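Okay, model.txt now, which holds compact mmCIF, C-alpha atoms:
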# COMPACT_ATOMS: atom_id res chain seq x y z
CA MET A 189 -107.57 -79.47 49.25
CA PRO A 190 -107.48 -81.98 46.40
CA TYR A 191 -109.58 -81.41 43.32
CA ILE A 192 -111.09 -84.43 41.60
CA ASN A 193 -112.84 -84.25 38.26
CA ILE A 194 -114.86 -87.24 37.10
CA LYS A 195 -115.98 -87.26 33.48
CA ILE A 196 -118.63 -89.80 32.52
CA THR A 197 -121.15 -90.18 29.74
CA ASP A 198 -124.55 -88.62 30.41
CA GLU A 199 -126.64 -91.76 30.74
CA ASN A 200 -129.21 -91.49 33.50
CA VAL A 201 -126.84 -91.14 36.43
CA THR A 202 -128.98 -90.72 39.54
CA LYS A 203 -128.54 -88.26 42.39
CA GLU A 204 -127.74 -91.18 44.67
CA GLN A 205 -124.99 -92.36 42.33
CA LYS A 206 -123.53 -88.86 42.20
CA GLU A 207 -123.56 -88.74 45.99
CA ALA A 208 -121.76 -92.06 46.10
CA LEU A 209 -119.11 -90.85 43.64
CA ILE A 210 -118.54 -87.66 45.63
CA ALA A 211 -118.41 -89.44 48.98
CA GLY A 212 -116.21 -92.23 47.64
CA ALA A 213 -113.70 -90.01 45.86
CA THR A 214 -113.37 -87.78 48.91
CA GLN A 215 -112.85 -90.79 51.18
CA LEU A 216 -110.22 -92.19 48.81
CA LEU A 217 -108.11 -89.06 49.25
CA VAL A 218 -108.52 -89.27 53.02
CA ASP A 219 -107.57 -92.95 53.11
CA VAL A 220 -104.58 -92.81 50.76
CA LEU A 221 -103.11 -89.36 51.42
CA ASN A 222 -104.71 -88.29 54.69
CA LYS A 223 -106.14 -85.21 52.96
CA ASN A 224 -108.62 -82.94 54.72
CA PRO A 225 -112.08 -83.83 53.38
CA LYS A 226 -113.49 -80.39 54.25
CA THR A 227 -111.60 -78.72 51.42
CA THR A 228 -111.68 -81.64 48.99
CA VAL A 229 -113.67 -80.74 45.89
CA VAL A 230 -115.25 -83.22 43.48
CA VAL A 231 -116.79 -82.12 40.18
CA ILE A 232 -118.70 -84.57 37.98
CA ASP A 233 -119.03 -83.75 34.27
CA GLU A 234 -121.73 -85.62 32.40
CA VAL A 235 -120.89 -85.64 28.72
CA ASN A 236 -123.41 -86.30 25.93
CA THR A 237 -122.62 -89.61 24.20
CA ASP A 238 -122.42 -87.67 20.91
CA ASN A 239 -119.45 -85.78 22.38
CA TRP A 240 -117.45 -88.72 23.69
CA GLY A 241 -115.27 -90.86 21.47
CA ILE A 242 -113.18 -93.93 22.06
CA GLY A 243 -111.35 -95.94 19.44
CA GLY A 244 -112.12 -93.14 17.00
CA GLU A 245 -115.86 -93.78 17.25
CA VAL A 246 -118.64 -91.79 18.87
CA VAL A 247 -120.11 -93.52 21.92
CA THR A 248 -123.66 -93.00 20.64
CA LYS A 249 -122.82 -95.28 17.72
CA LEU A 250 -121.02 -97.81 19.88
CA ARG A 251 -124.05 -98.04 22.16
CA SER A 252 -126.40 -98.63 19.22
CA LYS A 253 -124.26 -101.54 18.05
CA THR A 254 -124.55 -103.48 21.28
CA MET B 1062 -102.21 -66.50 25.26
CA PRO B 1063 -103.20 -67.67 28.75
CA TYR B 1064 -106.16 -69.97 29.21
CA ILE B 1065 -108.30 -69.51 32.29
CA ASN B 1066 -111.04 -71.91 33.29
CA ILE B 1067 -113.49 -70.86 36.00
CA LYS B 1068 -115.71 -73.57 37.43
CA ILE B 1069 -118.67 -72.44 39.51
CA THR B 1070 -121.98 -73.91 40.57
CA ASP B 1071 -124.89 -73.25 38.22
CA GLU B 1072 -126.92 -70.88 40.38
CA ASN B 1073 -128.42 -68.04 38.36
CA VAL B 1074 -125.20 -66.41 37.23
CA THR B 1075 -126.19 -63.47 35.02
CA LYS B 1076 -124.72 -62.42 31.68
CA GLU B 1077 -123.37 -59.30 33.37
CA GLN B 1078 -121.60 -61.38 36.01
CA LYS B 1079 -120.08 -63.59 33.33
CA GLU B 1080 -118.87 -60.50 31.49
CA ALA B 1081 -117.31 -59.23 34.71
CA LEU B 1082 -115.55 -62.57 35.30
CA ILE B 1083 -114.18 -62.64 31.76
CA ALA B 1084 -113.05 -59.00 31.81
CA GLY B 1085 -111.57 -59.32 35.30
CA ALA B 1086 -109.67 -62.54 34.69
CA THR B 1087 -108.24 -61.19 31.44
CA GLN B 1088 -107.16 -57.96 33.13
CA LEU B 1089 -105.53 -59.92 35.96
CA LEU B 1090 -103.23 -61.64 33.49
CA VAL B 1091 -102.39 -58.29 31.88
CA ASP B 1092 -101.67 -56.67 35.24
CA VAL B 1093 -99.61 -59.46 36.79
CA LEU B 1094 -97.82 -61.00 33.79
CA ASN B 1095 -98.21 -58.39 31.07
CA LYS B 1096 -99.96 -60.96 28.86
CA ASN B 1097 -101.60 -59.98 25.59
CA PRO B 1098 -105.34 -59.75 26.26
CA LYS B 1099 -106.21 -60.36 22.60
CA THR B 1100 -105.25 -64.03 22.81
CA THR B 1101 -106.29 -64.59 26.43
CA VAL B 1102 -109.14 -67.09 26.63
CA VAL B 1103 -111.55 -67.45 29.55
CA VAL B 1104 -114.02 -70.33 29.77
CA ILE B 1105 -116.68 -70.47 32.49
CA ASP B 1106 -118.17 -73.85 33.39
CA GLU B 1107 -121.43 -73.77 35.31
CA VAL B 1108 -121.84 -77.05 37.15
CA ASN B 1109 -125.16 -78.39 38.46
CA THR B 1110 -125.14 -78.40 42.27
CA ASP B 1111 -125.92 -82.15 42.14
CA ASN B 1112 -122.55 -82.63 40.42
CA TRP B 1113 -120.39 -80.62 42.81
CA GLY B 1114 -119.17 -81.96 46.11
CA ILE B 1115 -117.18 -80.50 48.95
CA GLY B 1116 -116.41 -82.18 52.25
CA GLY B 1117 -117.79 -85.38 50.76
CA GLU B 1118 -121.26 -83.87 50.42
CA VAL B 1119 -123.24 -82.78 47.41
CA VAL B 1120 -123.73 -79.01 47.23
CA THR B 1121 -127.48 -79.42 46.62
CA LYS B 1122 -127.75 -80.95 50.10
CA LEU B 1123 -125.48 -78.36 51.69
CA ARG B 1124 -127.63 -75.59 50.22
CA SER B 1125 -130.84 -77.13 51.58
CA LYS B 1126 -129.38 -77.24 55.11
CA THR B 1127 -128.73 -73.53 55.30
CA MET C 1224 -116.10 -73.13 46.38
CA PRO C 1225 -115.12 -72.06 42.87
CA TYR C 1226 -112.21 -73.74 41.15
CA ILE C 1227 -110.03 -71.61 38.89
CA ASN C 1228 -107.34 -73.03 36.65
CA ILE C 1229 -104.85 -70.67 35.05
CA LYS C 1230 -102.66 -72.09 32.29
CA ILE C 1231 -99.69 -70.00 31.25
CA THR C 1232 -96.41 -70.65 29.49
CA ASP C 1233 -93.49 -71.53 31.77
CA GLU C 1234 -91.39 -68.40 31.37
CA ASN C 1235 -89.83 -67.32 34.65
CA VAL C 1236 -93.01 -66.57 36.55
CA THR C 1237 -91.98 -65.50 40.06
CA LYS C 1238 -93.46 -66.55 43.38
CA GLU C 1239 -94.72 -63.02 43.84
CA GLN C 1240 -96.52 -63.12 40.50
CA LYS C 1241 -98.11 -66.45 41.41
CA GLU C 1242 -99.26 -64.98 44.70
CA ALA C 1243 -100.78 -62.04 42.83
CA LEU C 1244 -102.60 -64.37 40.42
CA ILE C 1245 -104.00 -66.46 43.28
CA ALA C 1246 -105.05 -63.46 45.36
CA GLY C 1247 -106.50 -61.65 42.36
CA ALA C 1248 -108.49 -64.58 40.98
CA THR C 1249 -109.92 -65.34 44.42
CA GLN C 1250 -110.90 -61.71 44.94
CA LEU C 1251 -112.56 -61.63 41.51
CA LEU C 1252 -114.92 -64.41 42.53
CA VAL C 1253 -115.68 -62.61 45.79
CA ASP C 1254 -116.35 -59.32 44.02
CA VAL C 1255 -118.45 -60.64 41.15
CA LEU C 1256 -120.30 -63.58 42.70
CA ASN C 1257 -119.87 -63.08 46.43
CA LYS C 1258 -118.19 -66.49 46.71
CA ASN C 1259 -116.56 -67.65 49.92
CA PRO C 1260 -112.79 -67.14 49.48
CA LYS C 1261 -111.98 -69.80 52.11
CA THR C 1262 -113.01 -72.62 49.80
CA THR C 1263 -111.96 -71.00 46.53
CA VAL C 1264 -109.17 -72.97 44.89
CA VAL C 1265 -106.74 -71.61 42.29
CA VAL C 1266 -104.34 -73.88 40.42
CA ILE C 1267 -101.67 -72.47 38.10
CA ASP C 1268 -100.26 -74.72 35.39
CA GLU C 1269 -96.98 -73.60 33.85
CA VAL C 1270 -96.64 -75.19 30.43
CA ASN C 1271 -93.33 -75.59 28.57
CA THR C 1272 -93.32 -73.38 25.48
CA ASP C 1273 -92.62 -76.53 23.41
CA ASN C 1274 -96.01 -77.83 24.52
CA TRP C 1275 -98.12 -74.75 23.77
CA GLY C 1276 -99.34 -73.89 20.32
CA ILE C 1277 -101.28 -71.01 18.88
CA GLY C 1278 -102.06 -70.43 15.23
CA GLY C 1279 -100.77 -73.94 14.57
CA GLU C 1280 -97.27 -72.98 15.69
CA VAL C 1281 -95.27 -73.91 18.75
CA VAL C 1282 -94.71 -70.95 21.10
CA THR C 1283 -90.98 -71.72 21.32
CA LYS C 1284 -90.70 -70.94 17.62
CA LEU C 1285 -92.91 -67.86 17.83
CA ARG C 1286 -90.72 -66.51 20.63
CA SER C 1287 -87.52 -67.03 18.61
CA LYS C 1288 -88.97 -65.05 15.70
CA THR C 1289 -89.59 -61.92 17.70
CA MET D 386 -104.31 -94.20 25.92
CA PRO D 387 -104.17 -90.48 25.15
CA TYR D 388 -106.93 -88.20 26.33
CA ILE D 389 -107.91 -85.31 24.10
CA ASN D 390 -110.31 -82.58 25.18
CA ILE D 391 -111.67 -80.21 22.54
CA LYS D 392 -113.46 -77.11 23.80
CA ILE D 393 -115.49 -75.19 21.27
CA THR D 394 -118.34 -72.72 21.39
CA ASP D 395 -121.83 -74.23 21.27
CA GLU D 396 -122.91 -73.09 17.84
CA ASN D 397 -124.85 -75.77 15.97
CA VAL D 398 -122.10 -78.33 15.71
CA THR D 399 -123.60 -81.36 13.95
CA LYS D 400 -123.22 -85.04 14.85
CA GLU D 401 -121.26 -85.52 11.65
CA GLN D 402 -118.83 -82.77 12.63
CA LYS D 403 -118.38 -84.31 16.08
CA GLU D 404 -117.67 -87.66 14.46
CA ALA D 405 -115.09 -86.01 12.23
CA LEU D 406 -113.41 -84.33 15.23
CA ILE D 407 -113.29 -87.61 17.16
CA ALA D 408 -112.01 -89.64 14.21
CA GLY D 409 -109.50 -86.97 13.23
CA ALA D 410 -108.06 -86.40 16.70
CA THR D 411 -107.70 -90.12 17.28
CA GLN D 412 -105.98 -90.60 13.93
CA LEU D 413 -103.61 -87.70 14.70
CA LEU D 414 -102.33 -89.51 17.78
CA VAL D 415 -101.90 -92.71 15.77
CA ASP D 416 -100.03 -90.92 13.00
CA VAL D 417 -97.74 -88.79 15.14
CA LEU D 418 -97.12 -90.97 18.19
CA ASN D 419 -98.23 -94.42 17.09
CA LYS D 420 -100.72 -94.53 19.96
CA ASN D 421 -103.28 -97.29 20.24
CA PRO D 422 -106.60 -95.89 18.96
CA LYS D 423 -108.64 -98.41 20.98
CA THR D 424 -107.86 -96.67 24.25
CA THR D 425 -107.69 -93.13 22.91
CA VAL D 426 -110.43 -90.98 24.40
CA VAL D 427 -111.77 -87.74 22.89
CA VAL D 428 -114.18 -85.51 24.80
CA ILE D 429 -115.81 -82.49 23.13
CA ASP D 430 -117.09 -79.70 25.37
CA GLU D 431 -119.54 -77.29 23.76
CA VAL D 432 -119.51 -74.04 25.70
CA ASN D 433 -122.28 -71.44 25.58
CA THR D 434 -121.03 -68.28 23.87
CA ASP D 435 -122.01 -66.35 27.03
CA ASN D 436 -119.41 -68.39 28.90
CA TRP D 437 -116.48 -67.96 26.53
CA GLY D 438 -114.33 -64.88 26.46
CA ILE D 439 -111.45 -63.75 24.32
CA GLY D 440 -109.74 -60.39 24.43
CA GLY D 441 -111.69 -59.69 27.62
CA GLU D 442 -114.99 -59.82 25.75
CA VAL D 443 -117.80 -62.34 25.76
CA VAL D 444 -118.12 -64.21 22.46
CA THR D 445 -121.87 -63.54 22.32
CA LYS D 446 -121.08 -59.84 22.03
CA LEU D 447 -118.29 -60.38 19.53
CA ARG D 448 -120.62 -62.42 17.33
CA SER D 449 -123.31 -59.69 17.40
CA LYS D 450 -120.78 -57.11 16.22
CA THR D 451 -119.89 -58.96 13.07
CA MET E 467 -114.67 -95.30 29.69
CA PRO E 468 -114.68 -92.71 32.48
CA TYR E 469 -111.86 -90.24 32.83
CA ILE E 470 -110.82 -89.21 36.31
CA ASN E 471 -108.36 -86.42 37.01
CA ILE E 472 -106.97 -86.06 40.52
CA LYS E 473 -105.10 -82.85 41.30
CA ILE E 474 -103.03 -82.80 44.47
CA THR E 475 -100.12 -80.80 45.79
CA ASP E 476 -96.68 -82.17 44.98
CA GLU E 477 -95.60 -83.27 48.44
CA ASN E 478 -93.75 -86.57 48.35
CA VAL E 479 -96.54 -88.75 47.10
CA THR E 480 -95.12 -92.27 46.76
CA LYS E 481 -95.58 -94.72 43.89
CA GLU E 482 -97.59 -96.94 46.20
CA GLN E 483 -99.95 -94.07 47.04
CA LYS E 484 -100.40 -93.31 43.36
CA GLU E 485 -101.19 -96.96 42.71
CA ALA E 486 -103.77 -96.86 45.49
CA LEU E 487 -105.39 -93.71 44.05
CA ILE E 488 -105.57 -95.24 40.58
CA ALA E 489 -106.92 -98.59 41.78
CA GLY E 490 -109.38 -96.93 44.17
CA ALA E 491 -110.76 -94.40 41.71
CA THR E 492 -111.20 -97.10 39.06
CA GLN E 493 -112.97 -99.40 41.51
CA LEU E 494 -115.26 -96.54 42.61
CA LEU E 495 -116.56 -96.17 39.05
CA VAL E 496 -117.08 -99.93 38.82
CA ASP E 497 -118.93 -100.07 42.13
CA VAL E 498 -121.16 -97.02 41.65
CA LEU E 499 -121.81 -97.01 37.90
CA ASN E 500 -120.78 -100.49 36.78
CA LYS E 501 -118.26 -98.95 34.37
CA ASN E 502 -115.76 -101.10 32.51
CA PRO E 503 -112.43 -100.77 34.34
CA LYS E 504 -110.43 -101.69 31.22
CA THR E 505 -111.15 -98.34 29.57
CA THR E 506 -111.25 -96.25 32.75
CA VAL E 507 -108.43 -93.71 32.76
CA VAL E 508 -107.03 -91.99 35.85
CA VAL E 509 -104.55 -89.12 35.60
CA ILE E 510 -102.87 -87.66 38.68
CA ASP E 511 -101.51 -84.12 38.49
CA GLU E 512 -99.02 -83.16 41.19
CA VAL E 513 -98.98 -79.39 41.51
CA ASN E 514 -96.14 -77.40 43.09
CA THR E 515 -97.32 -75.80 46.34
CA ASP E 516 -96.27 -72.41 44.88
CA ASN E 517 -98.91 -72.92 42.19
CA TRP E 518 -101.85 -73.89 44.42
CA GLY E 519 -103.93 -71.38 46.28
CA ILE E 520 -106.81 -71.65 48.69
CA GLY E 521 -108.44 -68.81 50.57
CA GLY E 522 -106.44 -66.44 48.38
CA GLU E 523 -103.16 -67.70 49.81
CA VAL E 524 -100.41 -69.81 48.30
CA VAL E 525 -100.17 -73.26 49.88
CA THR E 526 -96.39 -72.89 50.36
CA LYS E 527 -97.09 -70.04 52.78
CA LEU E 528 -99.94 -71.86 54.49
CA ARG E 529 -97.65 -74.84 55.09
CA SER E 530 -94.90 -72.65 56.60
CA LYS E 531 -97.35 -71.17 59.10
CA THR E 532 -98.32 -74.49 60.61
CA MET F 998 -110.91 -69.81 19.27
CA PRO F 999 -111.04 -73.51 20.15
CA TYR F 1000 -108.94 -74.87 22.98
CA ILE F 1001 -107.51 -78.35 22.60
CA ASN F 1002 -105.78 -80.20 25.39
CA ILE F 1003 -103.83 -83.35 24.57
CA LYS F 1004 -102.74 -85.50 27.49
CA ILE F 1005 -100.16 -88.17 26.77
CA THR F 1006 -97.67 -90.15 28.80
CA ASP F 1007 -94.23 -88.59 29.16
CA GLU F 1008 -92.20 -90.99 27.04
CA ASN F 1009 -89.61 -89.21 24.93
CA VAL F 1010 -91.95 -87.18 22.78
CA THR F 1011 -89.78 -85.07 20.48
CA LYS F 1012 -90.15 -81.40 19.59
CA GLU F 1013 -90.99 -82.43 16.03
CA GLN F 1014 -93.79 -84.69 17.27
CA LYS F 1015 -95.17 -81.87 19.43
CA GLU F 1016 -95.10 -79.58 16.42
CA ALA F 1017 -96.99 -82.17 14.40
CA LEU F 1018 -99.63 -82.56 17.13
CA ILE F 1019 -100.12 -78.79 17.38
CA ALA F 1020 -100.27 -78.27 13.61
CA GLY F 1021 -102.53 -81.27 13.09
CA ALA F 1022 -105.01 -80.45 15.86
CA THR F 1023 -105.27 -76.86 14.68
CA GLN F 1024 -105.84 -77.96 11.08
CA LEU F 1025 -108.52 -80.43 12.22
CA LEU F 1026 -110.56 -77.58 13.70
CA VAL F 1027 -110.11 -75.56 10.51
CA ASP F 1028 -111.15 -78.48 8.30
CA VAL F 1029 -114.14 -79.67 10.32
CA LEU F 1030 -115.53 -76.46 11.80
CA ASN F 1031 -113.88 -73.72 9.77
CA LYS F 1032 -112.40 -72.25 12.95
CA ASN F 1033 -109.88 -69.44 12.83
CA PRO F 1034 -106.44 -71.02 13.36
CA LYS F 1035 -104.95 -67.75 14.67
CA THR F 1036 -106.83 -68.01 17.95
CA THR F 1037 -106.82 -71.80 18.22
CA VAL F 1038 -104.83 -72.92 21.26
CA VAL F 1039 -103.31 -76.38 21.74
CA VAL F 1040 -101.77 -77.43 25.05
CA ILE F 1041 -99.93 -80.75 25.40
CA ASP F 1042 -99.60 -82.25 28.89
CA GLU F 1043 -96.96 -84.92 29.29
CA VAL F 1044 -97.84 -87.07 32.28
CA ASN F 1045 -95.35 -89.28 34.14
CA THR F 1046 -96.22 -92.95 33.61
CA ASP F 1047 -96.40 -93.31 37.42
CA ASN F 1048 -99.31 -90.85 37.35
CA TRP F 1049 -101.38 -92.44 34.60
CA GLY F 1050 -103.61 -95.41 35.17
CA ILE F 1051 -105.77 -97.54 32.92
CA GLY F 1052 -107.66 -100.64 33.90
CA GLY F 1053 -106.84 -99.81 37.51
CA GLU F 1054 -103.12 -100.25 36.90
CA VAL F 1055 -100.29 -97.76 36.71
CA VAL F 1056 -98.83 -97.42 33.22
CA THR F 1057 -95.27 -97.82 34.54
CA LYS F 1058 -96.18 -101.36 35.60
CA LEU F 1059 -98.02 -102.11 32.38
CA ARG F 1060 -94.97 -101.03 30.38
CA SER F 1061 -92.65 -103.27 32.42
CA LYS F 1062 -94.84 -106.30 31.71
CA THR F 1063 -94.58 -106.00 27.98

For the structure just supplied, provide its representation as C-alpha cells.
Amino acid sequence: MPYINIKITDENVTKEQKEALIAGATQLLVDVLNKNPKTTVVVIDEVNTDNWGIGGEVVTKLRSKT
Amino acid sequence: MPYINIKITDENVTKEQKEALIAGATQLLVDVLNKNPKTTVVVIDEVNTDNWGIGGEVVTKLRSKT
Amino acid sequence: MPYINIKITDENVTKEQKEALIAGATQLLVDVLNKNPKTTVVVIDEVNTDNWGIGGEVVTKLRSKT
Amino acid sequence: MPYINIKITDENVTKEQKEALIAGATQLLVDVLNKNPKTTVVVIDEVNTDNWGIGGEVVTKLRSKT
Amino acid sequence: MPYINIKITDENVTKEQKEALIAGATQLLVDVLNKNPKTTVVVIDEVNTDNWGIGGEVVTKLRSKT
Amino acid sequence: MPYINIKITDENVTKEQKEALIAGATQLLVDVLNKNPKTTVVVIDEVNTDNWGIGGEVVTKLRSKT
C-alpha cells in the first residue's frame, strides 16, 4: 500500500530505466517493511531542467556550465 | 482552503471529466467538513503510463496484457 | 489505481469525517473515470494551522480574528 | 536541504521568471532559517489550466469569463 | 539531485528500517540513472492509519478485520 | 492561486519563522508572476530528522557527526 514518488530531471530517461526504478522501489518496500507489492504504487515525475533548481540556480544553466 | 491533488494515468481524460473531478472533490470537502469552496484548490496530475507502476510493473505493460 | 491526496488544516477532524472523505473521493473516481476502487489510494494530511498560509497570513492568526 | 515545490498554472511563464522563483525561494530559506542553499531544491510544476480548479470551477473557464 | 518521497502507514517503523529505506532509495537512483547520491533527497512520510484509505476503506478498519 | 509546499526538517522552527516563510513565499509569487496573494496557499511540512535523508544518510546521524 505504500506510495512512492520519484522526481527526476527530464533528461532522456528510457522505458527500461523507468521499469527498473519501479521494480526496484517496489522491491525495496518489500525487503525493508514486508509491504505487499500488489498495492504498492510508484509514480515517476520527469521535470524540465528549466523547472528544477538547486543552490539557487536552474539546472539548465548548471548543465551548460559543465 | 483545502488542497486536493488527484493523480491519474494520462489516458484520454476529457475536459468534462476533469470538470466533474474538480466539482466533485470540492463539493466533497463542503459536504464532509463544511469547507469554503471559494478557496478550495484541486490539481489533477495526468501521469504517462510509462511513469506509473503498481505491483512492481509499469502500467503500460499491464495495459498491453489485458 | 488513482492516488488522491487531501490536505486540510488539523482542526478536530473526526474518524467518521475521514471515512467519509476516503469513501467519497474513491467513489468520485469510480463515477467519473470508472477507476477500480480496489487500488485507489486516498491519503489525508492534517496540517497544523501554524503551518498553513493563505493570503500571506498564517491560518492560526486568521482564525483568531474571526 | 529544504525542498520547495511551487505549483502554478501553465501560462507562458518565462525562463527568467522561473530563475527568479528558484533564486527567490532558495534565498527565503537562507534568510529565514539559515539553510544551506547548496542543498536546497526547488521544483516548479506548471499545471494545465484544464487541470486546476478553484471554487469548484476549472481555471480555463474562469479565465474565459474575465 | 533526485527527490524521492515514500509514504507509508505509521505502524512502528524503526530507525533502522528508515535508514534502510533512505540508503536503498538513494542507491537505486545511483544504479539506474547514475545520479549523484550527495544531492539525492529522500523524505519518508508516516501517515496515521486513520488517514489512509484503499478500496474506499480506512486502513485502521482493514487492519482490525484481519 | 499558486500552491507552495515547503518541506524542512523539524528542528525548532518558531511561529515567527513560519510566518516569515508564508509571507515571503506569497510575496515572491506576487513579485515574479503577479499572482493574486488572496488565493495563494503555502503549506509547511516539518519532517522528523529520522525521516529525511541526503547522500544516503539519515539527517539525525549527520547532525550528530557535526

Do me a favour and pick out the residues of chain F within 10 Å of chain B, using all atoms listed in the file, as a PDB file with C-alpha atoms, in the coordinates of the input.
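Result saved to selection_38.pdb:
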ATOM      1  CA  MET F 998    -110.910 -69.810  19.270  1.00  0.00           C
ATOM      2  CA  PRO F 999    -111.040 -73.510  20.150  1.00  0.00           C
ATOM      3  CA  TYR F1000    -108.940 -74.870  22.980  1.00  0.00           C
ATOM      4  CA  LYS F1035    -104.950 -67.750  14.670  1.00  0.00           C
ATOM      5  CA  THR F1036    -106.830 -68.010  17.950  1.00  0.00           C
ATOM      6  CA  THR F1037    -106.820 -71.800  18.220  1.00  0.00           C
ATOM      7  CA  VAL F1038    -104.830 -72.920  21.260  1.00  0.00           C
ATOM      8  CA  VAL F1040    -101.770 -77.430  25.050  1.00  0.00           C
TER       9      VAL F1040
END

Leu1089 of chain B: which residues within 8 Å, counting all atoms listed in the file, same-chain residues fewer than 5 positions away excluded, as a list in words?
->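 Non-adjacent residues within range: Leu1244, Gly1247 and Ala1248 of chain C.
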
Hey, can you check how far atom CA of Thr1057 of chain F sits from atom CA of Asp1273 of chain C?
->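 Result for atom CA of Thr1057 of chain F versus atom CA of Asp1273 of chain C: 24.2 Å, one decimal.
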
Just the residues within 8 Å of Val1270 of chain C, please, counting only C-alpha atoms, with nothing from its chain fewer than 6 positions along; format it as a list in words.
->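 The residues that qualify are Lys1230, Ile1231, Thr1232 and Asp1233 of chain C; Val1040 and Asp1042 of chain F.
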
What separation in Å, quoted to one decimal, exists between atom CA of Thr214 of chain A and atom CA of Ile472 of chain E?
->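 Rounded to one decimal, the two atoms are 10.7 Å apart.
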
Separation of atom CA of Asn1112 of chain B from atom CA of Trp240 of chain A in Å |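 Separation of atom CA of Trp240 of chain A and atom CA of Asn1112 of chain B: 18.5 Å.
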
Residue nearest Leu217 of chain A - candidates A:Thr237, A:Ile192, A:Lys203, A:Lys249, atoms counted: only C-alpha atoms =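 That would be A:Ile192, the residue with the smallest distance to Leu217 of chain A.
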
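Counting only C-alpha atoms, the residue from A:Ile242, A:Leu221, A:Ile232, A:Val247 that sits nearest to Glu482 of chain E is A:Leu221.
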